[in-house]
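Heads up, the thing below is written out as structure tokens.
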Amino acid sequence: MTELRTHPTERLAVAPPLGVRVPFVAAVGAVAAGQLGRVRVARGPLLVVATIQSLGLVVLLRGVVHRGDVATSASIVAGSTVLVVAFVALNLLAQRFGALRSNAALDYYAALPVSPAAVVLGTAASYATFTVPGAVVTAVAGAAIYRLPFGHLWVVLPVIVVASVVLAGFGALLGLSLPRPELATIAGQLGMTIVLFLGIIPPSHLPVVARGVRAVVPGTLAVDALADALRAHTDWTGVVVRLAITTAYGVAALALAGVAMRRAVDR
Amino acid sequence: MNGCAAYEVRGLAKSYRGAATPANLDIDLDIPTGEVFGLLGPNGAGKTTLVRQLVGLVRPDAGSLTLFGHDLLADREVAKRLVSYLAQDEPALAELAVRRAVETTARLRGARRAEAGRQATGLIDELGLGDLADTPLVRLSGGQRRLACVASALAAERNVLILDEPTTGLDPVARRAVWTALRRRRDEHGTTIVLVTHNVIEAETVLDRVAVLDRGRVIACDTPGRLKAAVDDCVRVDLVWRHDPPLDDRTVELLARSAVVDGRRWSARLERDQARDVLDRLTRGPVFDALDDFTVATPSLEDVYLSLGGLNHDLERG
């Protein structure tokens, strides 16, 4: 057998220097790279499910929208597009963090010299990246089916980024805050359903109370920004303001998720 | 001298809400730099709570805890920058391929991407994981997965390694590879190693000193040799009966009073003369036919644990 105790070791005369604290951006990159490796296996099926769900809605609702009702058509396409992001960033991330919290997997990160916010953001970023193909396909197909102008469709890219930030922030917050993973799963799915209904239905078709609720639901301003871009005459100031507010909302949610993570491991 | 000690622990205590007994109580430990220090005890003895306190993951209710002179209770960040911790399980890594798991951990300890890649390659070679490098941990056997987690724990050199049962489930070859890897780090870099185990053989083989824990308290702390010397006048007699033991025999009846019974397996600690006498009577008389097997062993750390009042009997001997 191997003996370890035969070599007396010279003791350090002074305390060793502390190892580095990993810079925030480097930590985000490392977490995201690791998570991308993890989700690669499940990526295909999840993408297909998220995309088919949204494309199905776009096709189904085509039958109940009058030709020429551009506002409603744009809302349906934009809402369905952001729904792909909600499926992954809100629903799946809530489940992921709920699972990490329940099986003490957060200890792995808590014992490393990285900020909790970097772990949240890195994980969220990795999930967000694989929403891109499904969201783009939904937006392009939706614009074609509803005969909406393609000219400003590039707005879908910043919308995906911004919606990912806010929905991933809330997904992480739910997963890290709720005491049981089952609750995180339910909350994630419920959140996705709320985004679905309040995102797809144009605000003008909602009761006044629901409009107030809609205003605070994460992601709906991103839906509105994309819907506006899908019309012939786009209010660019409105688009920029909506995306900026959504980004600020998302940063706040991510920061809160970072705090929730710190609390989840600080037992 | 404070600057030389890796850990200085005084009066550490922790109780979890709703638990009948404290997770640990009045823990005093000194772990010098470069020592391979062990925590031995049965399941539920408080080993994992103690190492989680040493890593800064559990805040104690009372006591003090310093790492290389830094007050860990005031600044838990210090532990993250000096200590590499291997938990009993690493579910966060489960779906990563082995190489990616090691590389990611190295990067999250501050290694640059290229350096992390080199370290991953080196560790995979060192621990014989080459054939499994691209396999997700979740698809590995328990032992292979544990070995991959050890590789992650060794990524990016740290001054202190805290490993919670690193060799559980490993085959002898892999276990030896882990011990060799630990020895190399201790000898070449003066790495301090705190190793949790409930395996007596591992404790006796690899540790410089060992703290024996029972029900949250340190009931002994010394070198394995000195601890065993305290019970040197005893031997352990293990008996396996073919069928129900003949309790009408006077020797068997006497033995039954002190033996720990596990089905048809009996284990008794006896003084040497007493053991000689008991074995003489058991092997000569008709009782011998009822015996399936018997062994006599010199004291182990398990005997130390039991002699100090330890009640649990789930320490591993293999």
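Ordered as shown in the structure tokens, chains take letters A, B, and onward, while each chain numbers its residues from 1 and ligands are numbered from 1 in the order shown.
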
**Prompt:** Could you write out as an MDAnalysis selection string the residues of chain B within 6 Å of chain A, counting only C-alpha atoms?
**Reply:** chainID B and resid 3:4 33:34 58 68 80:82 91:92 95:96 104 110 183 205:206 208

Keeping only C-alpha atoms, take the residues you just selected and write them out as an mmCIF file, in the first residue's frame.
data_model
loop_
_atom_site.group_PDB
_atom_site.id
_atom_site.type_symbol
_atom_site.label_atom_id
_atom_site.label_comp_id
_atom_site.auth_asym_id
_atom_site.auth_seq_id
_atom_site.Cartn_x
_atom_site.Cartn_y
_atom_site.Cartn_z
ATOM 1 C CA GLY B 3 1.343 31.899 10.622
ATOM 2 C CA CYS B 4 2.466 28.282 10.255
ATOM 3 C CA THR B 33 0.800 23.109 7.232
ATOM 4 C CA GLY B 34 1.706 20.113 5.119
ATOM 5 C CA VAL B 58 -21.550 26.437 7.229
ATOM 6 C CA PHE B 68 -3.228 30.511 7.936
ATOM 7 C CA LYS B 80 -12.404 30.045 -1.411
ATOM 8 C CA ARG B 81 -9.009 31.410 -2.398
ATOM 9 C CA LEU B 82 -6.873 28.953 -0.433
ATOM 10 C CA PRO B 91 -24.213 17.125 -8.786
ATOM 11 C CA ALA B 92 -23.250 20.441 -10.402
ATOM 12 C CA GLU B 95 -23.745 16.275 -16.891
ATOM 13 C CA LEU B 96 -20.330 17.589 -17.887
ATOM 14 C CA THR B 104 -14.295 24.397 -15.827
ATOM 15 C CA GLY B 110 -8.594 31.388 -11.607
ATOM 16 C CA ARG B 183 1.245 12.429 -1.567
ATOM 17 C CA THR B 205 -2.515 4.032 5.705
ATOM 18 C CA VAL B 206 -2.519 7.613 4.557
ATOM 19 C CA ASP B 208 -0.333 11.700 9.564
#

Would you mind listing what lies within 7 Å of segment 128-131 of chain A as an mmCIF file with N, CA and C atoms, in the first residue's frame, with only C-alpha atoms counted and same-chain residues fewer than 3 positions away left out?
data_model
loop_
_atom_site.group_PDB
_atom_site.id
_atom_site.type_symbol
_atom_site.label_atom_id
_atom_site.label_comp_id
_atom_site.auth_asym_id
_atom_site.auth_seq_id
_atom_site.Cartn_x
_atom_site.Cartn_y
_atom_site.Cartn_z
ATOM 1 N N VAL A 84 -40.604 31.531 -26.925
ATOM 2 C CA VAL A 84 -39.483 30.575 -27.031
ATOM 3 C C VAL A 84 -38.446 30.891 -25.949
ATOM 4 N N VAL A 85 -38.174 32.182 -25.792
ATOM 5 C CA VAL A 85 -37.200 32.607 -24.771
ATOM 6 C C VAL A 85 -37.735 32.274 -23.379
ATOM 7 N N VAL A 88 -37.376 28.586 -22.307
ATOM 8 C CA VAL A 88 -36.038 28.160 -21.908
ATOM 9 C C VAL A 88 -35.531 28.962 -20.705
ATOM 10 N N ALA A 89 -35.546 30.294 -20.869
ATOM 11 C CA ALA A 89 -34.874 31.138 -19.867
ATOM 12 C C ALA A 89 -35.655 31.207 -18.560
ATOM 13 N N ALA A 124 -27.465 31.606 -16.987
ATOM 14 C CA ALA A 124 -28.529 32.224 -17.778
ATOM 15 C C ALA A 124 -28.077 32.438 -19.221
ATOM 16 N N ALA A 125 -26.839 32.880 -19.392
ATOM 17 C CA ALA A 125 -26.335 33.144 -20.749
ATOM 18 C C ALA A 125 -26.289 31.863 -21.567
ATOM 19 N N GLY A 134 -34.646 29.006 -32.323
ATOM 20 C CA GLY A 134 -36.102 28.844 -32.263
ATOM 21 C C GLY A 134 -36.821 30.173 -32.357
ATOM 22 N N ALA A 135 -36.287 31.193 -31.670
ATOM 23 C CA ALA A 135 -36.936 32.501 -31.693
ATOM 24 C C ALA A 135 -36.845 33.124 -33.092
ATOM 25 N N SER A 164 -34.029 37.575 -22.858
ATOM 26 C CA SER A 164 -33.283 36.527 -22.158
ATOM 27 C C SER A 164 -32.788 37.030 -20.810
#

**Message:** Can you tell me which residues surround Trp236 of chain A at a distance of at most 9 Å, considering only C-alpha atoms, apart from same-chain residues fewer than 6 positions away, and format the answer as an MDAnalysis selection string?
**Reply:** chainID A and resid 225 228:229

Next, dump the selected residues to file, keeping only N, CA and C atoms, as a CSV table (one decimal), in the first residue's frame.
chain,number,residue,atom,x,y,z
A,225,ALA,N,-41.8,45.8,-28.2
A,225,ALA,CA,-40.8,46.4,-29.0
A,225,ALA,C,-40.7,45.7,-30.3
A,228,ASP,N,-43.8,46.3,-32.5
A,228,ASP,CA,-43.7,47.6,-33.1
A,228,ASP,C,-42.8,47.6,-34.4
A,229,ALA,N,-41.7,46.8,-34.3
A,229,ALA,CA,-40.8,46.7,-35.4
A,229,ALA,C,-41.4,45.9,-36.6

**Asked** Counting only C-alpha atoms, what is within 6 Å of segment 162-172 of chain B, bar same-chain residues fewer than 5 positions away, as a PyMOL selection string?
**Response** chain B and resi 85-88+143+193-197

Keeping only N, CA and C atoms, write the selected residues as a PDB file, in the first residue's frame.
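Generated file (out30.pdb):
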ATOM      1  N   TYR B  85     -12.147  22.168  -2.346  1.00  0.00           N
ATOM      2  CA  TYR B  85     -13.072  21.321  -1.582  1.00  0.00           C
ATOM      3  C   TYR B  85     -13.739  20.300  -2.498  1.00  0.00           C
ATOM      4  N   LEU B  86     -13.719  19.058  -2.069  1.00  0.00           N
ATOM      5  CA  LEU B  86     -14.468  18.006  -2.763  1.00  0.00           C
ATOM      6  C   LEU B  86     -15.584  17.550  -1.838  1.00  0.00           C
ATOM      7  N   ALA B  87     -16.825  17.801  -2.242  1.00  0.00           N
ATOM      8  CA  ALA B  87     -17.964  17.359  -1.435  1.00  0.00           C
ATOM      9  C   ALA B  87     -18.207  15.870  -1.649  1.00  0.00           C
ATOM     10  N   GLN B  88     -19.120  15.307  -0.869  1.00  0.00           N
ATOM     11  CA  GLN B  88     -19.407  13.873  -1.011  1.00  0.00           C
ATOM     12  C   GLN B  88     -19.964  13.552  -2.391  1.00  0.00           C
ATOM     13  N   GLY B 143     -17.614   4.675  -9.003  1.00  0.00           N
ATOM     14  CA  GLY B 143     -16.187   4.844  -8.726  1.00  0.00           C
ATOM     15  C   GLY B 143     -15.516   5.761  -9.734  1.00  0.00           C
ATOM     16  N   ILE B 193      -3.650  18.603   3.685  1.00  0.00           N
ATOM     17  CA  ILE B 193      -4.770  17.792   3.206  1.00  0.00           C
ATOM     18  C   ILE B 193      -5.634  17.366   4.390  1.00  0.00           C
ATOM     19  N   VAL B 194      -6.908  17.681   4.295  1.00  0.00           N
ATOM     20  CA  VAL B 194      -7.867  17.213   5.300  1.00  0.00           C
ATOM     21  C   VAL B 194      -8.778  16.221   4.587  1.00  0.00           C
ATOM     22  N   LEU B 195      -8.770  15.022   5.109  1.00  0.00           N
ATOM     23  CA  LEU B 195      -9.434  13.936   4.403  1.00  0.00           C
ATOM     24  C   LEU B 195     -10.481  13.303   5.319  1.00  0.00           C
ATOM     25  N   VAL B 196     -11.714  13.302   4.876  1.00  0.00           N
ATOM     26  CA  VAL B 196     -12.773  12.655   5.655  1.00  0.00           C
ATOM     27  C   VAL B 196     -12.871  11.204   5.209  1.00  0.00           C
ATOM     28  N   THR B 197     -12.967  10.319   6.166  1.00  0.00           N
ATOM     29  CA  THR B 197     -13.109   8.918   5.796  1.00  0.00           C
ATOM     30  C   THR B 197     -13.888   8.179   6.863  1.00  0.00           C
TER      31      THR B 197
END

Contacts of His70 of chain B at 10 Å (only C-alpha atoms; same-chain gap of 3+ positions) as a short mmCIF file (atom, residue, chain, number, x, y, z; two decimals) with N, CA and C atoms, in the first residue's frame:
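Saved as out.cif:
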data_model
loop_
_atom_site.label_atom_id
_atom_site.label_comp_id
_atom_site.auth_asym_id
_atom_site.auth_seq_id
_atom_site.Cartn_x
_atom_site.Cartn_y
_atom_site.Cartn_z
N ALA A 15 2.16 32.82 6.12
CA ALA A 15 0.92 32.40 5.48
C ALA A 15 1.07 32.51 3.97
N ASN B 2 1.09 31.10 14.79
CA ASN B 2 -0.15 31.18 14.03
C ASN B 2 0.07 31.13 12.53
N GLY B 3 1.11 31.82 12.05
CA GLY B 3 1.34 31.90 10.62
C GLY B 3 1.63 30.55 10.00
N ALA B 6 -2.07 25.66 9.43
CA ALA B 6 -3.08 25.80 8.39
C ALA B 6 -4.41 26.17 9.07
N TYR B 7 -4.89 25.29 9.90
CA TYR B 7 -6.16 25.56 10.60
C TYR B 7 -5.94 25.60 12.10
N GLU B 8 -6.59 26.53 12.75
CA GLU B 8 -6.72 26.53 14.20
C GLU B 8 -8.20 26.66 14.53
N LEU B 65 -12.28 30.08 14.15
CA LEU B 65 -11.75 29.26 13.06
C LEU B 65 -10.80 30.12 12.24
N THR B 66 -9.52 29.77 12.26
CA THR B 66 -8.58 30.54 11.45
C THR B 66 -7.90 29.63 10.43
N LEU B 67 -7.59 30.21 9.29
CA LEU B 67 -6.90 29.51 8.21
C LEU B 67 -5.67 30.33 7.85
N LEU B 73 -14.32 33.22 10.03
CA LEU B 73 -15.69 33.62 10.33
C LEU B 73 -15.93 35.07 9.94
N ALA B 74 -14.86 35.86 9.94
CA ALA B 74 -15.00 37.26 9.54
C ALA B 74 -14.95 37.40 8.02
N ASP B 75 -14.18 36.53 7.36
CA ASP B 75 -14.02 36.64 5.91
C ASP B 75 -13.95 35.24 5.29
N ARG B 76 -15.12 34.75 4.88
CA ARG B 76 -15.17 33.39 4.33
C ARG B 76 -14.57 33.31 2.93
N VAL B 78 -11.70 34.01 2.15
CA VAL B 78 -10.33 33.49 2.26
C VAL B 78 -10.28 31.99 1.93
N ALA B 79 -11.26 31.26 2.45
CA ALA B 79 -11.27 29.81 2.21
C ALA B 79 -11.40 29.51 0.72
#

**Request:** Quick one: everything within 6 Å of Leu207 of chain B, counting only C-alpha atoms, minus sequence neighbours fewer than 4 positions away in the same chain. Send it as a list in words.
**Result:** Val36, Phe37, Gly38 and Ala203 of chain B

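In terms of minimum interatomic distance to Leu90 of chain A, A:Ile194 ranks closest within A:Val251, A:Leu230, A:Leu221, A:Ile194, counting only C-alpha atoms.
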
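Put simply, atom CA of Ala86 of chain A is 6.1 Å away from atom CA of Leu167 of chain A.
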
**Request:** Mind listing the helix (DSSP H, G or I) residues of segment 50-104 of chain B, per DSSP on the backbone, as a ChimeraX atom specification?
**Result:** /B:50-55,77-82,91-93,98-104
